[in-house]
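Novice: Just so it is clear, I am handing over start25.txt, which has compact mmCIF, C-alpha atoms.
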# COMPACT_ATOMS: atom_id res chain seq x y z
CA MET F 1 -73.15 -10.48 -56.80
CA ALA F 2 -73.94 -6.90 -57.75
CA ASP F 3 -74.18 -6.19 -61.44
CA PRO F 4 -71.86 -3.40 -62.70
CA VAL F 5 -73.97 -3.16 -65.86
CA ASN F 6 -76.57 -1.20 -63.86
CA THR F 7 -74.10 1.51 -62.87
CA PRO F 8 -73.14 4.51 -65.08
CA ALA F 9 -71.78 3.58 -68.49
CA GLN F 10 -68.14 4.22 -69.27
CA PRO F 11 -67.72 7.86 -70.32
CA LYS F 12 -65.78 8.68 -73.45
CA GLY F 13 -62.08 8.99 -72.68
CA ALA F 14 -62.25 7.17 -69.33
CA THR F 15 -59.03 5.21 -68.84
CA GLY F 16 -59.45 4.43 -65.17
CA VAL F 17 -62.15 3.03 -62.91
CA LEU F 18 -62.83 2.30 -59.26
CA VAL F 19 -65.00 -0.80 -58.84
CA LEU F 20 -66.58 -0.97 -55.40
CA ALA F 21 -67.58 -4.27 -53.84
CA ASP F 22 -71.27 -3.30 -53.98
CA GLY F 23 -71.03 -3.04 -57.79
CA SER F 24 -70.79 0.76 -57.99
CA LEU F 25 -68.40 2.20 -60.56
CA VAL F 26 -66.45 5.46 -60.35
CA TRP F 27 -64.96 6.42 -63.71
CA GLY F 28 -62.00 8.72 -64.30
CA ARG F 29 -58.68 9.14 -66.06
CA GLY F 30 -56.00 6.69 -65.08
CA PHE F 31 -52.39 7.71 -64.48
CA GLY F 32 -49.34 6.15 -62.87
CA ALA F 33 -49.01 2.38 -63.14
CA VAL F 34 -51.13 0.35 -65.56
CA GLY F 35 -53.06 -2.58 -64.12
CA ALA F 36 -55.42 -3.22 -61.23
CA ALA F 37 -55.05 -3.35 -57.45
CA VAL F 38 -57.43 -4.21 -54.63
CA GLY F 39 -57.73 -2.48 -51.27
CA GLU F 40 -59.85 -0.52 -48.83
CA VAL F 41 -60.85 2.96 -49.99
CA CYS F 42 -60.16 5.67 -47.41
CA PHE F 43 -59.70 9.44 -47.50
CA ASN F 44 -56.95 11.78 -46.32
CA THR F 45 -57.58 15.47 -45.62
CA ALA F 46 -53.95 16.71 -45.66
CA MET F 47 -53.16 19.59 -48.00
CA THR F 48 -49.48 18.66 -48.35
CA GLY F 49 -47.29 15.58 -48.26
CA TYR F 50 -48.95 13.32 -50.82
CA GLN F 51 -45.66 11.56 -51.55
CA GLU F 52 -45.10 10.82 -47.86
CA VAL F 53 -48.68 9.53 -47.62
CA MET F 54 -48.26 7.19 -50.58
CA THR F 55 -45.06 5.70 -49.10
CA ASP F 56 -46.33 5.33 -45.53
CA PRO F 57 -46.44 1.56 -44.82
CA SER F 58 -49.52 2.14 -42.65
CA TYR F 59 -51.45 2.57 -45.93
CA ALA F 60 -50.60 -0.94 -47.17
CA GLY F 61 -53.77 -2.50 -48.57
CA GLN F 62 -55.47 0.88 -49.02
CA ILE F 63 -56.53 3.21 -51.83
CA VAL F 64 -56.22 6.83 -50.71
CA THR F 65 -58.77 9.45 -51.74
CA PHE F 66 -57.18 12.89 -51.38
CA THR F 67 -59.72 15.54 -50.41
CA PHE F 68 -57.34 18.36 -51.38
CA PRO F 69 -58.00 18.85 -55.12
CA HIS F 70 -54.51 19.76 -56.37
CA ILE F 71 -52.37 16.66 -55.94
CA GLY F 72 -49.12 16.24 -57.85
CA ASN F 73 -48.45 19.92 -58.45
CA VAL F 74 -45.08 19.88 -56.63
CA GLY F 75 -43.87 16.72 -58.36
CA ALA F 76 -41.86 14.02 -56.66
CA ASN F 77 -38.34 13.58 -55.35
CA ALA F 78 -36.23 11.00 -53.56
CA GLU F 79 -36.22 12.87 -50.24
CA ASP F 80 -39.96 12.86 -49.56
CA ILE F 81 -40.50 9.13 -49.24
CA GLU F 82 -41.20 7.56 -45.85
CA SER F 83 -40.27 3.98 -46.63
CA LYS F 84 -38.99 1.81 -49.46
CA VAL F 85 -41.49 -0.95 -48.71
CA GLU F 86 -45.13 -1.21 -49.75
CA GLY F 87 -47.40 1.74 -48.99
CA ALA F 88 -50.75 2.69 -50.52
CA VAL F 89 -51.70 0.66 -53.60
CA GLY F 90 -53.28 3.63 -55.36
CA CYS F 91 -54.76 7.11 -55.07
CA ILE F 92 -57.84 9.00 -56.23
CA VAL F 93 -57.71 12.74 -56.98
CA ARG F 94 -60.06 15.46 -58.19
CA GLU F 95 -58.01 17.39 -60.73
CA GLU F 96 -55.83 15.96 -63.45
CA VAL F 97 -52.18 15.98 -62.41
CA THR F 98 -50.45 18.98 -63.97
CA PRO F 99 -46.73 19.50 -64.66
CA HIS F 100 -44.92 20.20 -61.40
CA SER F 101 -43.77 23.65 -60.34
CA ASN F 102 -41.38 23.21 -57.44
CA PHE F 103 -37.61 23.61 -57.24
CA ARG F 104 -37.25 20.34 -55.30
CA ALA F 105 -39.08 18.23 -57.91
CA ARG F 106 -37.11 15.64 -59.83
CA GLU F 107 -39.94 13.95 -61.73
CA GLN F 108 -43.64 14.20 -62.42
CA PHE F 109 -45.94 12.66 -59.83
CA GLY F 110 -47.52 10.34 -62.42
CA GLU F 111 -44.11 9.12 -63.57
CA TRP F 112 -43.08 8.48 -59.98
CA LEU F 113 -46.31 6.57 -59.29
CA ALA F 114 -45.73 4.38 -62.34
CA ALA F 115 -42.18 3.60 -61.22
CA GLN F 116 -43.53 2.64 -57.79
CA GLY F 117 -46.23 0.39 -59.27
CA LYS F 118 -49.03 2.52 -57.84
CA ILE F 119 -52.22 3.37 -59.74
CA GLY F 120 -53.80 6.82 -59.89
CA LEU F 121 -57.33 7.88 -60.84
CA SER F 122 -58.12 11.54 -61.58
CA GLY F 123 -61.24 13.43 -62.58
CA VAL F 124 -63.26 11.99 -59.68
CA ASP F 125 -65.78 13.85 -57.53
CA THR F 126 -63.73 13.25 -54.39
CA ARG F 127 -66.19 15.20 -52.22
CA ALA F 128 -68.97 12.77 -53.12
CA LEU F 129 -66.72 9.76 -52.60
CA THR F 130 -65.56 11.09 -49.23
CA ARG F 131 -69.15 11.68 -48.16
CA ARG F 132 -70.00 8.13 -49.16
CA ILE F 133 -67.15 6.78 -46.99
CA ARG F 134 -68.22 8.94 -44.04
CA LEU F 135 -71.81 7.71 -44.27
CA ASN F 136 -71.26 4.06 -45.15
CA GLY F 137 -67.75 3.26 -43.96
CA ALA F 138 -64.59 2.45 -45.92
CA PRO F 139 -65.47 0.05 -48.78
CA ASN F 140 -63.36 -2.62 -50.44
CA ALA F 141 -62.68 -1.88 -54.10
CA VAL F 142 -60.42 -2.40 -57.10
CA ILE F 143 -58.69 0.54 -58.77
CA ALA F 144 -57.75 -0.06 -62.41
CA HIS F 145 -55.95 1.81 -65.19
CA ASP F 146 -55.78 0.89 -68.86
CA PRO F 147 -54.63 3.48 -71.44
CA ASP F 148 -57.04 1.95 -73.97
CA GLY F 149 -59.96 2.02 -71.54
CA ARG F 150 -60.59 -1.72 -71.70
CA PHE F 151 -61.82 -3.27 -68.45
CA ASP F 152 -63.24 -6.66 -67.54
CA LEU F 153 -65.75 -5.22 -65.08
CA PRO F 154 -67.23 -8.52 -63.85
CA ALA F 155 -63.74 -9.83 -63.09
CA LEU F 156 -62.78 -6.63 -61.27
CA LEU F 157 -66.01 -6.73 -59.26
CA LYS F 158 -65.39 -10.35 -58.31
CA ARG F 159 -61.92 -9.45 -57.12
CA ALA F 160 -63.26 -6.58 -54.99
CA GLN F 161 -65.92 -8.78 -53.43
CA GLU F 162 -63.55 -11.65 -52.67
CA TRP F 163 -60.93 -9.50 -50.96
CA PRO F 164 -61.34 -10.18 -47.20
CA GLY F 165 -60.69 -6.63 -46.01
CA LEU F 166 -58.40 -5.37 -43.25
CA ASN F 167 -60.34 -6.82 -40.32
CA GLY F 168 -58.28 -9.75 -39.04
CA MET F 169 -55.44 -9.09 -41.50
CA ASP F 170 -51.82 -9.00 -40.34
CA LEU F 171 -49.90 -6.78 -42.76
CA ALA F 172 -46.97 -5.88 -40.52
CA GLN F 173 -44.91 -8.88 -41.64
CA ARG F 174 -45.35 -7.76 -45.24
CA VAL F 175 -43.92 -4.28 -44.68
CA SER F 176 -41.39 -4.85 -41.90
CA ARG F 177 -37.64 -4.93 -42.53
CA GLU F 178 -36.17 -8.34 -42.93
CA LYS F 179 -33.07 -7.84 -40.81
CA GLN F 180 -31.67 -5.76 -37.96
CA GLU F 181 -30.33 -2.32 -38.81
CA SER F 182 -28.37 0.34 -36.94
CA TRP F 183 -30.14 3.60 -37.80
CA GLU F 184 -27.80 6.42 -38.74
CA GLY F 185 -30.06 8.73 -40.74
CA GLY F 186 -30.13 12.37 -39.72
CA TYR F 187 -32.78 15.07 -39.79
CA TRP F 188 -33.68 16.87 -43.01
CA GLN F 189 -32.63 20.46 -43.69
CA LEU F 190 -33.42 22.60 -46.71
CA GLY F 191 -30.45 22.82 -49.02
CA THR F 192 -28.53 19.95 -47.49
CA GLY F 193 -31.11 17.16 -47.34
CA TYR F 194 -30.69 14.32 -44.86
CA GLY F 195 -27.49 14.25 -42.87
CA ARG F 196 -25.83 11.27 -41.21
CA SER F 197 -25.82 10.84 -37.45
CA PRO F 198 -22.62 9.23 -36.19
CA ARG F 199 -23.17 6.21 -33.94
CA ASP F 200 -22.63 7.64 -30.44
CA GLU F 201 -22.42 4.85 -27.88
CA ALA F 202 -22.95 7.37 -25.08
CA ARG F 203 -26.53 7.99 -26.21
CA PRO F 204 -29.33 5.92 -24.61
CA HIS F 205 -30.01 2.85 -26.73
CA VAL F 206 -33.52 2.41 -28.18
CA VAL F 207 -34.54 -0.80 -29.92
CA ALA F 208 -37.30 0.05 -32.41
CA ILE F 209 -39.58 -2.79 -33.49
CA ASP F 210 -40.60 -2.18 -37.08
CA TYR F 211 -44.23 -3.10 -37.80
CA GLY F 212 -44.22 -0.86 -40.89
CA SER F 213 -42.52 2.26 -39.65
CA LYS F 214 -42.05 5.65 -41.25
CA ASP F 215 -38.39 6.63 -41.45
CA ASN F 216 -39.06 10.04 -39.95
CA ILE F 217 -39.87 8.37 -36.63
CA PHE F 218 -36.30 7.09 -36.37
CA ARG F 219 -34.95 10.50 -37.34
CA ASN F 220 -36.96 12.08 -34.54
CA LEU F 221 -35.71 9.55 -32.00
CA VAL F 222 -32.15 10.42 -33.03
CA LYS F 223 -32.93 14.14 -32.89
CA ALA F 224 -34.26 13.67 -29.35
CA GLY F 225 -30.93 12.13 -28.35
CA ALA F 226 -31.27 8.36 -28.80
CA ARG F 227 -29.12 5.73 -30.48
CA VAL F 228 -31.48 3.52 -32.49
CA THR F 229 -31.37 -0.11 -33.57
CA VAL F 230 -34.30 -1.21 -35.76
CA VAL F 231 -35.44 -4.85 -35.71
CA PRO F 232 -38.07 -6.81 -37.72
CA ALA F 233 -41.65 -7.20 -36.52
CA LYS F 234 -41.29 -10.83 -35.46
CA THR F 235 -38.16 -10.33 -33.35
CA SER F 236 -38.51 -12.41 -30.19
CA LEU F 237 -38.38 -11.11 -26.63
CA ASP F 238 -35.03 -12.81 -26.02
CA GLU F 239 -33.59 -11.26 -29.19
CA VAL F 240 -34.77 -7.79 -28.14
CA LEU F 241 -33.35 -8.17 -24.64
CA ALA F 242 -30.06 -9.46 -26.04
CA LEU F 243 -29.53 -6.01 -27.57
CA SER F 244 -29.56 -4.46 -24.07
CA PRO F 245 -32.13 -1.77 -24.82
CA GLN F 246 -32.61 1.11 -22.41
CA GLY F 247 -35.98 1.61 -24.07
CA VAL F 248 -38.11 -0.06 -26.74
CA PHE F 249 -40.09 1.78 -29.41
CA LEU F 250 -43.18 0.19 -31.03
CA SER F 251 -43.76 1.56 -34.52
CA ASN F 252 -46.78 2.36 -36.61
CA GLY F 253 -47.94 -0.09 -39.26
CA PRO F 254 -50.90 -1.38 -41.29
CA GLY F 255 -53.61 -3.95 -40.70
CA ASP F 256 -55.52 -5.20 -37.69
CA PRO F 257 -53.63 -4.77 -34.38
CA ALA F 258 -55.30 -7.88 -32.96
CA ALA F 259 -53.89 -9.98 -35.82
CA THR F 260 -50.37 -8.55 -35.53
CA GLY F 261 -50.70 -8.86 -31.77
CA GLU F 262 -50.76 -12.65 -32.02
CA TYR F 263 -46.95 -12.56 -32.07
CA ALA F 264 -46.24 -8.97 -30.97
CA VAL F 265 -48.28 -8.76 -27.75
CA PRO F 266 -46.39 -11.53 -25.87
CA VAL F 267 -43.13 -9.67 -26.60
CA ILE F 268 -44.57 -6.37 -25.38
CA ALA F 269 -46.04 -8.02 -22.28
CA GLY F 270 -42.62 -9.47 -21.51
CA LEU F 271 -41.05 -6.03 -21.78
CA LEU F 272 -43.68 -4.59 -19.43
CA GLU F 273 -42.99 -7.35 -16.89
CA ARG F 274 -39.31 -6.38 -16.95
CA ASP F 275 -40.08 -2.65 -16.57
CA VAL F 276 -38.41 -1.75 -19.87
CA PRO F 277 -39.47 1.80 -20.91
CA ILE F 278 -41.81 1.66 -23.94
CA PHE F 279 -43.14 4.22 -26.40
CA GLY F 280 -45.70 3.21 -29.03
CA ILE F 281 -47.12 5.11 -31.99
CA CYS F 282 -50.30 4.19 -33.92
CA LEU F 283 -50.24 0.38 -34.36
CA GLY F 284 -47.57 0.23 -31.65
CA HIS F 285 -49.86 2.20 -29.34
CA GLN F 286 -52.74 -0.17 -30.05
CA MET F 287 -50.65 -3.26 -29.33
CA LEU F 288 -49.32 -1.72 -26.11
CA ALA F 289 -52.96 -1.39 -25.05
CA LEU F 290 -53.63 -5.01 -25.99
CA ALA F 291 -50.57 -6.15 -24.01
CA ALA F 292 -51.93 -4.28 -20.97
CA GLY F 293 -55.32 -6.02 -21.27
CA GLY F 294 -57.19 -3.52 -23.44
CA LYS F 295 -59.18 -3.99 -26.64
CA THR F 296 -59.12 -2.54 -30.16
CA ALA F 297 -61.87 -2.18 -32.76
CA LYS F 298 -62.26 -1.29 -36.43
CA MET F 299 -63.41 2.29 -36.93
CA HIS F 300 -66.26 3.31 -39.22
CA GLN F 301 -64.13 5.57 -41.43
CA GLY F 302 -60.85 6.03 -39.59
CA HIS F 303 -58.78 9.17 -39.06
CA ARG F 304 -56.38 10.25 -41.81
CA GLY F 305 -55.05 13.75 -42.23
CA ALA F 306 -52.69 16.40 -40.87
CA ASN F 307 -55.17 18.59 -39.01
CA HIS F 308 -56.66 16.42 -36.25
CA PRO F 309 -57.14 18.14 -32.86
CA VAL F 310 -56.22 16.03 -29.84
CA LYS F 311 -56.77 17.05 -26.22
CA ARG F 312 -54.11 16.21 -23.66
CA LEU F 313 -56.11 15.31 -20.57
CA GLU F 314 -53.33 16.13 -18.12
CA ASP F 315 -53.58 19.88 -18.68
CA GLY F 316 -56.20 20.46 -21.38
CA VAL F 317 -53.69 21.51 -24.03
CA VAL F 318 -54.84 20.85 -27.59
CA GLU F 319 -52.33 19.48 -30.10
CA ILE F 320 -52.95 19.59 -33.85
CA THR F 321 -51.78 16.22 -35.08
CA SER F 322 -51.16 14.00 -38.08
CA MET F 323 -53.19 10.78 -38.11
CA ASN F 324 -53.52 7.63 -40.17
CA HIS F 325 -55.45 4.77 -38.61
CA GLY F 326 -58.54 2.66 -39.24
CA PHE F 327 -58.49 0.87 -35.87
CA ALA F 328 -58.57 2.38 -32.39
CA VAL F 329 -58.15 1.46 -28.74
CA ASP F 330 -61.54 1.03 -27.07
CA ASN F 331 -61.48 3.71 -24.37
CA ALA F 332 -64.61 2.24 -22.78
CA ALA F 333 -62.75 -1.00 -22.08
CA LEU F 334 -59.44 0.23 -20.64
CA PRO F 335 -58.38 -2.11 -17.84
CA GLU F 336 -57.33 -1.13 -14.34
CA GLY F 337 -53.87 0.39 -14.43
CA VAL F 338 -54.19 1.87 -17.91
CA GLU F 339 -54.76 5.63 -17.95
CA GLU F 340 -56.21 7.51 -20.91
CA THR F 341 -53.98 10.49 -21.63
CA HIS F 342 -55.26 11.93 -24.94
CA VAL F 343 -58.60 11.99 -26.78
CA SER F 344 -59.71 13.09 -30.24
CA LEU F 345 -61.74 16.29 -30.29
CA PHE F 346 -63.44 15.06 -33.46
CA ASP F 347 -65.14 12.01 -31.96
CA GLY F 348 -63.79 11.41 -28.46
CA SER F 349 -61.89 8.28 -29.47
CA ASN F 350 -58.75 7.28 -27.61
CA CYS F 351 -55.53 8.94 -28.73
CA GLY F 352 -53.14 8.10 -25.90
CA ILE F 353 -52.52 5.82 -22.92
CA ALA F 354 -50.01 5.42 -20.10
CA ILE F 355 -49.41 2.31 -18.00
CA ARG F 356 -49.48 3.19 -14.29
CA GLY F 357 -46.34 2.19 -12.43
CA LYS F 358 -44.43 1.72 -15.69
CA LYS F 359 -42.43 3.95 -17.98
CA ALA F 360 -44.71 2.98 -20.84
CA PHE F 361 -47.00 5.14 -22.96
CA GLY F 362 -48.38 5.37 -26.47
CA VAL F 363 -50.23 7.76 -28.76
CA GLN F 364 -52.58 7.04 -31.64
CA TYR F 365 -51.37 9.93 -33.77
CA HIS F 366 -48.01 10.61 -35.47
CA PRO F 367 -45.84 13.05 -33.48
CA GLU F 368 -43.17 12.82 -36.19
CA ALA F 369 -45.69 14.40 -38.63
CA SER F 370 -44.26 14.15 -42.17
CA PRO F 371 -46.57 15.49 -43.37
CA GLY F 372 -48.18 17.53 -40.67
CA PRO F 373 -47.70 19.84 -37.67
CA GLN F 374 -44.89 19.38 -35.16
CA ASP F 375 -46.82 20.14 -31.97
CA SER F 376 -46.06 16.72 -30.50
CA PHE F 377 -42.28 16.37 -30.90
CA TYR F 378 -42.05 16.68 -27.10
CA LEU F 379 -43.15 13.03 -26.88
CA PHE F 380 -39.83 11.86 -28.34
CA GLU F 381 -37.98 14.01 -25.83
CA LYS F 382 -40.19 12.66 -23.04
CA PHE F 383 -39.39 9.08 -24.00
CA VAL F 384 -35.65 9.56 -24.44
CA GLY F 385 -35.60 11.54 -21.19
CA MET F 386 -36.91 8.46 -19.36
CA LEU F 387 -33.94 6.36 -20.39
CA GLY F 388 -31.25 7.81 -18.14
Spit out the file's structure as structure tokens when you get a sec.
Specialist:
Amino acid sequence: MADPVNTPAQPKGATGVLVLADGSLVWGRGFGAVGAAVGEVCFNTAMTGYQEVMTDPSYAGQIVTFTFPHIGNVGANAEDIESKVEGAVGCIVREEVTPHSNFRAREQFGEWLAAQGKIGLSGVDTRALTRRIRLNGAPNAVIAHDPDGRFDLPALLKRAQEWPGLNGMDLAQRVSREKQESWEGGYWQLGTGYGRSPRDEARPHVVAIDYGSKDNIFRNLVKAGARVTVVPAKTSLDEVLALSPQGVFLSNGPGDPAATGEYAVPVIAGLLERDVPIFGICLGHQMLALAAGGKTAKMHQGHRGANHPVKRLEDGVVEITSMNHGFAVDNAALPEGVEETHVSLFDGSNCGIAIRGKKAFGVQYHPEASPGPQDSFYLFEKFVGMLG
């Protein structure tokens, strides 16, 4: 076990600490919730949307390092959350969170974090931490906050080292809804907020399997013309088919796709056998690939941000996308019948597939953005347009 005594001593006024599994300590000022939480440390390069990031279920089990230095300056409000279930366990920022200055704010970011049970750590050299992640991969760590600056460092280190990490971990069950829901939420507009979409039986019916979905995905499906029913992650094939879907959507979510695939892949394979149209995003995309005979693998550092360029191989068009994933489909092991449709221009990793002979496709990135660019909304229209 590494010895935290050999790392930098606690600076005066430090009320927060990040204890990495190798024994390294990163000191700072704690804010938000008091306590300690364990997770994988990653980084996100988005300049906006920190509240959406912190409430994205795909970040379950993760501590987010924001590379943009001014986090919290627009406060928090009830409209900018992506889910009411677990998201990121904590965040690390460069500058101390200042009072908000935005007309939409309803509370300070730190107050909102505390209410959500999420821990913040400010005053950190986030550039150095990001560089460390890029060079060495995403480490396991414990983030802790105590207003009196009292920490049991050996105990925190032990906790960081004993946490198994995301490889092999199924988190979808932890963040999925517990029961079926008819989605009626509308799209957001400045001044009016989120409207309600009346249930129109004439619209094509999409059953969305929730592995830890962002709410904005459902809003975009509705905007594209669908009627949406959301079901829990472990819904069986027979239960999905009993809803008479004209198409099935596979959502984003956290954890290892191979672990979640233990129960999800047989359902997806059954849908493919019955020629049900399918659209998958992020984790859903990865499990669609697994159901078609592909493979997934843990990435060195992952892709997280709102500025990721993706090339559409069909015509060479480049989309600027929002991403959040630490696993990827292995594009060197795509089976016969699975076509690669999109690739990352950062590292060439797979960002999209289509199943030949089927109305089934998936993308690794988030076309619903929130936060991020809206270059890829056409994918929702493409999917709903398949449904007749």
Novice: One decimal, Å: what's the distance from CA of His366 (chain F) over to CA of Lys214 (chain F), could you say?
Specialist: 9.7 Å
Novice: One decimal, Å: what's the distance from CA of Val53 (chain F) over to CA of Ala264 (chain F), could you say?
Specialist: 25.0 Å
Novice: Check the smallest atom-to-atom distance from each of F:Phe43, F:Trp188, F:Phe151, F:Phe31 to Glu111 (chain F) using all atoms listed in the file, then report the winner.
Specialist: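 Result for the nearest residue to Glu111 (chain F): F:Phe31.
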Novice: For CA of Thr235 (chain F) and CA of Asn350 (chain F), determine how far apart the two atoms are, in Å to one decimal place.
Specialist: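 One can read the CA of Thr235 (chain F) to CA of Asn350 (chain F) distance as 27.7 Å.
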Novice: Closest to Gly168 (chain F) among F:His308, F:Lys359, F:Arg199, F:Lys298, using all atoms listed in the file?
Specialist: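 Residue with the minimum atom-to-atom distance to Gly168 (chain F): F:Lys298.
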Novice: Identify, on the basis of all atoms listed in the file, every residue whose closest approach to Trp27 (chain F) does not exceed 9 Å; exclude the query and any residue fewer than 4 positions from it along the same chain; express the result as a PyMOL selection string.
Specialist: chain F and resi 8-11+14-19+121-124
Novice: For a quick check of understanding, using only C-alpha atoms, which of F:Ala224, F:Cys351, F:Gly294, F:Thr48 has the smallest distance to Tyr378 (chain F)?
Specialist: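 Between F:Ala224, F:Cys351, F:Gly294, F:Thr48, the residue approaching Tyr378 (chain F) most closely is F:Ala224.
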